[in-house]
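Structure data follow from data_31.tsv (TSV, C-alpha atoms):
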```
chain	number	residue	atom	x	y	z
A	14	MET	CA	17.18	-24.35	13.86
A	15	LYS	CA	14.07	-23.68	15.90
A	16	ILE	CA	10.89	-25.70	15.38
A	17	ILE	CA	7.85	-23.44	15.79
A	18	THR	CA	4.59	-25.36	15.90
A	19	ASN	CA	1.02	-24.12	15.66
A	20	GLY	CA	0.68	-24.92	19.36
A	21	LEU	CA	3.50	-22.53	20.21
A	22	ILE	CA	1.98	-19.82	18.01
A	23	ARG	CA	-1.40	-20.33	19.70
A	24	GLN	CA	0.24	-19.77	23.09
A	25	LEU	CA	1.03	-16.22	22.04
A	26	ALA	CA	-2.73	-15.52	21.84
A	27	LEU	CA	-2.09	-12.79	19.29
A	28	PRO	CA	-5.11	-10.57	18.62
A	29	ALA	CA	-6.43	-10.46	15.07
A	30	THR	CA	-5.57	-6.77	14.97
A	31	GLN	CA	-1.87	-7.67	15.26
A	32	TYR	CA	-2.06	-9.64	12.02
A	33	VAL	CA	-3.80	-6.71	10.33
A	34	ALA	CA	-1.02	-4.38	11.49
A	35	TRP	CA	1.70	-6.74	10.26
A	36	VAL	CA	0.03	-7.17	6.88
A	37	ARG	CA	-0.25	-3.40	6.48
A	38	GLU	CA	3.43	-3.06	7.41
A	39	SER	CA	4.38	-5.68	4.81
A	40	PHE	CA	2.31	-4.04	2.07
A	41	LEU	CA	4.04	-0.73	2.73
A	42	MET	CA	7.50	-2.30	2.27
A	43	LYS	CA	6.56	-4.15	-0.92
A	44	HIS	CA	8.57	-1.91	-3.24
A	45	THR	CA	11.77	-2.38	-1.21
A	46	ALA	CA	11.45	-6.17	-0.80
A	47	GLN	CA	12.44	-8.78	-3.38
A	48	LEU	CA	9.30	-10.71	-4.19
A	49	PRO	CA	9.27	-13.09	-7.16
A	50	PRO	CA	5.82	-14.36	-8.21
A	51	LYS	CA	4.88	-17.65	-6.59
A	52	LEU	CA	5.62	-20.87	-8.44
A	53	SER	CA	2.67	-23.24	-8.69
A	54	VAL	CA	2.67	-26.92	-9.68
A	55	HIS	CA	-0.36	-29.19	-9.97
A	56	PRO	CA	-0.04	-32.91	-9.24
A	57	ARG	CA	-3.66	-33.60	-10.24
A	58	GLY	CA	-6.95	-31.79	-10.80
A	59	SER	CA	-7.23	-28.69	-8.61
A	60	ASP	CA	-4.51	-29.87	-6.18
A	61	PHE	CA	-1.41	-27.68	-6.00
A	62	PHE	CA	1.91	-26.95	-4.33
A	63	ASN	CA	2.87	-23.25	-4.29
A	64	THR	CA	6.39	-22.05	-3.47
A	65	MET	CA	6.54	-18.44	-2.26
A	66	PRO	CA	9.98	-16.83	-1.65
A	67	CYS	CA	10.60	-13.35	-0.28
A	68	LEU	CA	13.66	-11.32	0.73
A	69	LEU	CA	12.68	-8.63	3.23
A	70	PRO	CA	14.35	-5.20	3.04
A	71	GLU	CA	17.99	-5.19	4.15
A	72	ASP	CA	17.42	-3.83	7.65
A	73	TYR	CA	15.21	-6.84	8.51
A	74	GLY	CA	17.98	-9.35	7.74
A	75	ARG	CA	15.55	-12.09	6.78
A	76	PHE	CA	14.79	-14.32	3.81
A	77	GLY	CA	12.00	-16.85	3.85
A	78	VAL	CA	10.08	-19.24	1.69
A	79	LYS	CA	6.66	-20.73	2.24
A	80	VAL	CA	5.42	-23.93	0.65
A	81	VAL	CA	1.64	-24.24	0.69
A	82	HIS	CA	-0.42	-27.09	-0.69
A	83	ARG	CA	-4.00	-28.03	-1.30
A	84	ILE	CA	-4.78	-31.74	-1.61
A	85	ASP	CA	-8.35	-32.84	-2.21
A	86	GLY	CA	-9.44	-35.23	0.53
A	87	ALA	CA	-6.69	-34.27	2.97
A	88	VAL	CA	-7.70	-33.00	6.43
A	89	PRO	CA	-7.25	-30.10	6.40
A	90	SER	CA	-7.13	-29.71	2.62
A	91	LEU	CA	-4.74	-26.73	2.93
A	92	GLY	CA	-1.36	-26.96	4.64
A	93	SER	CA	1.87	-24.97	4.69
A	94	HIS	CA	5.38	-24.63	6.16
A	95	ILE	CA	7.75	-21.66	6.28
A	96	LEU	CA	11.56	-21.70	6.28
A	97	LEU	CA	13.14	-18.57	7.77
A	98	TYR	CA	16.80	-17.64	7.15
A	99	SER	CA	19.25	-14.97	8.31
A	100	THR	CA	20.55	-12.94	5.36
A	101	VAL	CA	23.62	-12.01	7.41
A	102	SER	CA	24.88	-15.54	8.11
A	103	GLY	CA	22.79	-17.65	5.74
A	104	GLN	CA	21.73	-19.70	8.77
A	105	LEU	CA	18.40	-21.49	8.72
A	106	LEU	CA	16.76	-19.94	11.77
A	107	ALA	CA	13.45	-21.73	11.98
A	108	LEU	CA	10.95	-24.10	10.46
A	109	LEU	CA	7.45	-22.84	11.21
A	110	ASP	CA	4.11	-24.52	10.78
A	111	GLY	CA	2.39	-22.05	8.46
A	112	ASP	CA	-1.25	-23.01	8.85
A	113	ILE	CA	-2.31	-20.42	11.44
A	114	ILE	CA	-0.09	-17.75	9.87
A	115	THR	CA	-1.61	-18.44	6.44
A	116	SER	CA	-5.18	-18.29	7.68
A	117	MET	CA	-4.70	-15.14	9.74
A	118	ARG	CA	-2.62	-13.22	7.22
A	119	THR	CA	-5.11	-14.10	4.47
A	120	GLY	CA	-7.96	-12.86	6.64
A	121	ALA	CA	-6.00	-9.71	7.43
A	122	VAL	CA	-5.35	-9.04	3.73
A	123	ALA	CA	-9.03	-9.49	2.92
A	124	THR	CA	-9.93	-7.14	5.76
A	125	LEU	CA	-7.53	-4.45	4.54
A	126	ALA	CA	-8.94	-4.77	1.03
A	127	ILE	CA	-12.48	-4.44	2.37
A	128	GLN	CA	-11.69	-1.44	4.54
A	129	THR	CA	-9.77	0.28	1.75
A	130	LEU	CA	-12.16	-0.35	-1.14
A	131	ARG	CA	-15.70	-0.70	0.21
A	132	ASN	CA	-18.34	1.96	-0.33
A	133	SER	CA	-18.17	4.00	2.87
A	134	ALA	CA	-21.41	5.84	2.03
A	135	ALA	CA	-23.54	2.80	2.84
A	136	GLU	CA	-24.06	0.53	5.83
A	137	PRO	CA	-22.87	-2.59	4.04
A	138	VAL	CA	-24.16	-6.12	4.05
A	139	TYR	CA	-21.23	-8.54	4.02
A	140	GLY	CA	-21.88	-11.72	2.05
A	141	LEU	CA	-19.67	-14.66	3.04
A	142	VAL	CA	-19.25	-17.98	1.27
A	143	GLY	CA	-16.77	-20.80	1.91
A	144	LEU	CA	-17.05	-20.68	5.70
A	145	GLY	CA	-13.82	-22.39	6.71
A	146	ASN	CA	-10.77	-21.08	8.56
A	147	THR	CA	-9.91	-18.38	6.03
A	148	CYS	CA	-13.39	-16.92	6.17
A	149	ARG	CA	-13.40	-17.12	9.97
A	150	ALA	CA	-10.05	-15.32	10.06
A	151	THR	CA	-11.43	-12.61	7.76
A	152	LEU	CA	-14.41	-11.93	9.98
A	153	LEU	CA	-12.24	-12.07	13.12
A	154	CYS	CA	-9.95	-9.40	11.67
A	155	LEU	CA	-12.88	-7.26	10.54
A	156	LEU	CA	-14.82	-7.44	13.81
A	157	GLU	CA	-11.81	-6.92	16.07
A	158	SER	CA	-10.43	-4.00	14.06
A	159	GLU	CA	-13.85	-2.29	14.05
A	160	PRO	CA	-15.23	-3.10	17.52
A	161	LEU	CA	-17.69	-0.19	17.63
A	162	THR	CA	-19.28	-0.93	14.24
A	163	MET	CA	-22.22	-3.31	13.75
A	164	HIS	CA	-21.56	-5.72	10.89
A	165	HIS	CA	-24.51	-7.25	9.04
A	166	VAL	CA	-23.44	-10.59	7.57
A	167	ALA	CA	-25.30	-12.84	5.13
A	168	LEU	CA	-24.13	-16.47	4.98
A	169	LEU	CA	-24.70	-18.91	2.14
A	170	GLU	CA	-26.34	-22.07	3.46
A	171	TYR	CA	-24.22	-25.17	2.81
A	172	LYS	CA	-24.52	-28.34	4.91
A	173	ASP	CA	-24.15	-27.13	8.52
A	174	GLN	CA	-21.41	-24.56	7.83
A	175	ALA	CA	-23.59	-21.51	8.46
A	176	ARG	CA	-24.70	-22.78	11.87
A	177	LEU	CA	-21.15	-23.61	12.95
A	178	PHE	CA	-19.95	-20.25	11.68
A	179	GLU	CA	-22.58	-18.38	13.70
A	180	GLU	CA	-21.68	-20.39	16.80
A	181	ARG	CA	-18.01	-19.38	16.42
A	182	PHE	CA	-18.96	-15.70	16.63
A	183	ALA	CA	-21.69	-16.00	19.26
A	184	GLY	CA	-19.60	-13.99	21.73
A	185	TYR	CA	-19.28	-10.94	19.46
A	186	GLY	CA	-21.79	-8.16	19.99
A	187	ASN	CA	-20.93	-6.28	16.81
A	188	VAL	CA	-22.23	-8.79	14.26
A	189	SER	CA	-25.64	-10.04	13.16
A	190	PHE	CA	-26.29	-12.96	10.81
A	191	THR	CA	-28.86	-13.91	8.21
A	192	ARG	CA	-28.78	-16.91	5.88
A	193	VAL	CA	-29.51	-17.14	2.17
A	194	GLU	CA	-30.10	-20.25	0.09
A	195	SER	CA	-28.71	-19.36	-3.33
A	196	ARG	CA	-25.60	-17.78	-4.80
A	197	GLU	CA	-27.63	-15.33	-6.84
A	198	GLU	CA	-29.49	-14.12	-3.76
A	199	LEU	CA	-26.17	-13.62	-1.95
A	200	ALA	CA	-24.78	-11.74	-4.96
A	201	ARG	CA	-27.80	-9.42	-5.12
A	202	ARG	CA	-27.84	-8.74	-1.39
A	203	SER	CA	-24.13	-8.14	-0.73
A	204	ASP	CA	-22.38	-4.77	-0.68
A	205	VAL	CA	-19.17	-6.63	0.14
A	206	LEU	CA	-18.89	-10.23	-1.03
A	207	VAL	CA	-16.05	-12.36	0.31
A	208	SER	CA	-15.59	-15.76	-1.32
A	209	CYS	CA	-13.25	-18.22	0.39
A	210	ILE	CA	-14.15	-21.18	-1.85
A	211	THR	CA	-10.90	-23.02	-2.63
A	212	ALA	CA	-12.13	-24.80	-5.77
A	213	ALA	CA	-14.71	-23.56	-8.28
A	214	HIS	CA	-15.41	-24.79	-11.78
A	215	CYS	CA	-18.04	-22.24	-12.82
A	216	ASN	CA	-19.04	-18.64	-12.21
A	217	PHE	CA	-20.28	-17.86	-8.73
A	218	CYS	CA	-23.24	-16.09	-10.35
A	219	ASP	CA	-23.68	-16.23	-14.13
A	220	ASP	CA	-25.45	-12.88	-14.25
A	221	ALA	CA	-22.79	-10.21	-13.62
A	222	ASP	CA	-25.60	-7.63	-13.43
A	223	ALA	CA	-26.75	-9.30	-10.22
A	224	TYR	CA	-23.89	-7.61	-8.37
A	225	LYS	CA	-25.19	-4.26	-7.19
A	226	PRO	CA	-23.65	-0.85	-8.01
A	227	GLY	CA	-21.01	0.07	-5.43
A	228	CYS	CA	-20.24	-3.53	-4.45
A	229	THR	CA	-16.79	-4.81	-3.57
A	230	ILE	CA	-15.92	-8.44	-4.25
A	231	VAL	CA	-12.93	-10.12	-2.60
A	232	PRO	CA	-12.38	-13.57	-4.18
A	233	VAL	CA	-9.81	-14.84	-1.68
A	234	HIS	CA	-8.82	-17.82	-3.82
A	235	THR	CA	-9.57	-15.96	-7.10
A	236	ARG	CA	-12.15	-18.53	-8.18
A	237	GLY	CA	-15.54	-17.95	-9.78
A	238	PHE	CA	-15.63	-14.30	-10.81
A	239	GLN	CA	-14.11	-14.22	-14.30
A	240	ASN	CA	-17.38	-12.94	-15.75
A	241	CYS	CA	-16.88	-9.80	-13.66
A	242	ASP	CA	-13.33	-9.11	-14.86
A	243	THR	CA	-14.22	-7.10	-17.95
A	244	VAL	CA	-17.40	-5.38	-16.73
A	245	PHE	CA	-16.44	-4.19	-13.24
A	246	ASP	CA	-15.11	-0.64	-13.02
A	247	LYS	CA	-11.86	-1.42	-11.21
A	248	VAL	CA	-9.70	-4.40	-10.34
A	249	PHE	CA	-7.09	-4.39	-7.59
A	250	GLY	CA	-4.51	-7.01	-6.67
A	251	ASP	CA	-1.64	-7.62	-4.30
A	252	ASP	CA	0.93	-8.10	-7.06
A	253	THR	CA	0.86	-7.53	-10.82
A	254	GLY	CA	3.00	-10.61	-11.41
A	255	HIS	CA	0.36	-12.78	-9.76
A	256	VAL	CA	-2.53	-11.66	-11.95
A	257	CYS	CA	-0.96	-10.60	-15.27
A	258	ASN	CA	-1.57	-14.10	-16.64
A	259	PHE	CA	-5.26	-14.08	-15.76
A	260	ARG	CA	-7.33	-14.75	-18.86
A	261	TYR	CA	-8.88	-11.29	-19.00
A	262	PHE	CA	-6.07	-9.22	-17.47
A	263	ASN	CA	-5.58	-7.15	-20.63
A	264	GLU	CA	-9.30	-6.40	-20.67
A	265	PHE	CA	-9.52	-5.05	-17.12
A	266	ARG	CA	-10.92	-1.52	-17.26
A	267	SER	CA	-8.45	-0.50	-14.56
A	268	PHE	CA	-5.83	-2.34	-12.50
A	269	THR	CA	-3.94	-1.08	-9.42
A	270	GLU	CA	-1.87	-2.81	-6.77
A	271	LEU	CA	-3.38	-2.56	-3.29
A	272	SER	CA	-0.03	-1.52	-1.82
A	273	ASP	CA	-0.09	1.64	-3.96
A	274	VAL	CA	-3.51	2.55	-2.57
A	275	LEU	CA	-2.45	1.89	1.04
A	276	ALA	CA	0.66	4.05	0.52
A	277	GLY	CA	-1.40	6.87	-0.99
A	278	ARG	CA	0.35	6.69	-4.36
A	279	LYS	CA	-2.78	5.81	-6.33
A	280	PRO	CA	-6.53	6.15	-5.74
A	281	GLY	CA	-8.79	3.33	-4.66
A	282	ARG	CA	-12.54	3.78	-4.83
A	283	GLU	CA	-13.41	7.13	-6.37
A	284	ARG	CA	-17.19	6.84	-6.74
A	285	ALA	CA	-19.86	5.27	-4.58
A	286	ASP	CA	-21.31	3.31	-7.53
A	287	GLU	CA	-18.06	1.71	-8.72
A	288	ARG	CA	-18.09	-2.08	-8.77
A	289	ILE	CA	-14.71	-3.34	-7.60
A	290	LEU	CA	-12.84	-6.66	-7.59
A	291	SER	CA	-9.84	-7.23	-5.32
A	292	TYR	CA	-7.70	-10.22	-6.31
A	293	ASN	CA	-5.32	-10.78	-3.42
A	294	VAL	CA	-3.59	-13.97	-4.49
A	295	GLY	CA	-1.27	-14.05	-1.47
A	296	LEU	CA	2.24	-12.72	-0.95
A	297	GLY	CA	5.15	-14.58	0.61
A	298	LEU	CA	6.03	-11.10	1.89
A	299	HIS	CA	3.21	-11.31	4.45
A	300	ASP	CA	4.18	-14.80	5.55
A	301	VAL	CA	7.89	-14.05	5.91
A	302	LEU	CA	7.39	-10.81	7.85
A	303	ILE	CA	4.92	-12.46	10.22
A	304	ALA	CA	7.16	-15.52	10.61
A	305	SER	CA	10.07	-13.23	11.44
A	306	ARG	CA	8.04	-11.37	14.07
A	307	ILE	CA	6.79	-14.60	15.63
A	308	TYR	CA	10.30	-16.09	15.59
A	309	GLU	CA	11.57	-13.17	17.67
A	310	MET	CA	8.73	-13.70	20.16
A	311	VAL	CA	9.14	-17.46	20.67
A	312	LYS	CA	12.74	-18.33	19.79
A	313	ASP	CA	13.73	-18.76	23.44
A	314	MET	CA	10.81	-21.16	24.01
A	315	ALA	CA	10.96	-23.14	20.78
A	316	PRO	CA	12.78	-26.49	20.66
A	317	GLU	CA	16.05	-26.68	18.76
A	318	MET	CA	16.79	-29.20	16.03
A	319	SER	CA	20.46	-29.74	15.27
A	320	MET	CA	21.61	-29.97	11.69
A	321	PRO	CA	25.43	-30.27	11.78
A	322	LYS	CA	27.11	-28.34	8.98
A	323	GLU	CA	30.65	-28.26	7.63
A	324	THR	CA	32.52	-25.27	9.06
A	325	GLU	CA	35.29	-25.31	6.47
A	326	LYS	CA	35.37	-25.60	2.71
A	327	PHE	CA	35.03	-29.21	1.64
A	328	TYR	CA	35.35	-31.26	-1.53
A	329	VAL	CA	33.28	-34.24	-2.55
```

Could you render the structure from this file as structure tokens?
Amino acid sequence: MKIITNGLIRQLALPATQYVAWVRESFLMKHTAQLPPKLSVHPRGSDFFNTMPCLLPEDYGRFGVKVVHRIDGAVPSLGSHILLYSTVSGQLLALLDGDIITSMRTGAVATLAIQTLRNSAAEPVYGLVGLGNTCRATLLCLLESEPLTMHHVALLEYKDQARLFEERFAGYGNVSFTRVESREELARRSDVLVSCITAAHCNFCDDADAYKPGCTIVPVHTRGFQNCDTVFDKVFGDDTGHVCNFRYFNEFRSFTELSDVLAGRKPGRERADERILSYNVGLGLHDVLIASRIYEMVKDMAPEMSMPKETEKFYV
């Protein structure tokens, strides 16, 4: 079994556009993969452990499972590991640190949702809140996949996060930043609103009318936008099984899986004034495909951990 650390993944220096390409590839194979909904358990409060299995299509020869957790007070608060198996031999091929993979694939999913569902008739203002790694990964994927486009980004002021966020992207010539002081102001200003807040106990903005016609909202961790569920024109998601238990699912005006839009089977945005939500809860499919690709790249460099196994049938 190979041990693949974040340090080894960093050595690959993969461009953000590679993660976007892998996520698109995984979405397009969704209907031929076996993908049970994630299992979530909650030790206390908003803390959780999620278990996310996925069997890739037969020609990939891979099964994997990611375990991701959020623990309040831990540094970082989010952490994850991925186990990757061969479906031919049943062998455990690798244990991967999933933190970079999780951040980058989540940013890539958000970017695909934005590019697929935003109002292309306008020059959008992107509102960003929750300016940690997931939000940084989202903007990395967006800027690097659209290098010739200027992106106007509004950041919600919180402690010194906005300043640190701007410093991270100081070397990019295709982005400009402004700062806003309230959630309502960010809601009213944004054509595309990306929320990467991991814990929320109230609506992001109580007035759903504050969100402008034609806006697209991507609540990366699904928190804070329930008051939009029944009044927005369309809702999209990465998997029906992940959102069918949402409180207002049966009251959505329209629901479509993002993979069906990417594959051209169903429409996405049909009018410039449609207000759209995209609930991309997170698929083990993305993690397992990316882990499999990275495993092939680094398996000859990764250290081996021996786990002796019986080679013949045994009895206890």

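Using all atoms listed in the file, the shortest contact distance between Phe62 (chain A) and any of A:Val81, A:Leu21, A:Val166, A:Leu130 is found at A:Val81.
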
So how many Å separate CA of Arg236 (chain A) and CA of Tyr224 (chain A), to one decimal?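 A separation of 16.0 Å between them.
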
Residues at most 8 Å from region 307-310 of chain A, counting only C-alpha atoms, excluding those fewer than 2 positions away in the same chain, as a PyMOL selection string? chain A and resi 17+22+107+303-305+312-313

Residue among A:Pro280, A:Gly184, A:Gly143, A:Pro89 lying closest to Thr211 (chain A), counting all atoms listed in the file: A:Gly143

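Residue nearest Val36 (chain A) within the list A:Cys228, A:Thr119, A:Val188, A:Cys209: A:Thr119 [criterion: smallest interatomic distance, all atoms listed in the file].
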
Gly250 (chain A): which residues within 7 Å, counting all atoms listed in the file, same-chain residues fewer than 4 positions away excluded, as number ranges by chain? A: 269-271, 291-293

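Distances here use all atoms listed in the file; by that measure, the residue among A:His255, A:Val78, A:Thr124, A:Gly145 closest to Ser90 (chain A) is A:Gly145.
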
Residues within 8 Å of (-11.7, -1.6, -0.8), file coordinates, counting all atoms listed in the file: what are they? Give the list as a PyMOL selection string. chain A and resi 125-132+229+281-282+289+291

Considering all atoms listed in the file, return as a PyMOL selection string whatever protein or nucleic-acid residues lie within 9 Å of Met117 (chain A), sequence-local ones (same chain, fewer than 5 positions apart) excluded. chain A and resi 29+32-33+112+122+146-147+149-151+153-154

Suppose we keep C-alpha atoms; can you now write the selection as a compact mmCIF listing (two decimals), in the coordinates of the input?
```txt
# COMPACT_ATOMS: atom_id res chain seq x y z
CA ALA A 29 -6.43 -10.46 15.07
CA TYR A 32 -2.06 -9.64 12.02
CA VAL A 33 -3.80 -6.71 10.33
CA ASP A 112 -1.25 -23.01 8.85
CA VAL A 122 -5.35 -9.04 3.73
CA ASN A 146 -10.77 -21.08 8.56
CA THR A 147 -9.91 -18.38 6.03
CA ARG A 149 -13.40 -17.12 9.97
CA ALA A 150 -10.05 -15.32 10.06
CA THR A 151 -11.43 -12.61 7.76
CA LEU A 153 -12.24 -12.07 13.12
CA CYS A 154 -9.95 -9.40 11.67
```
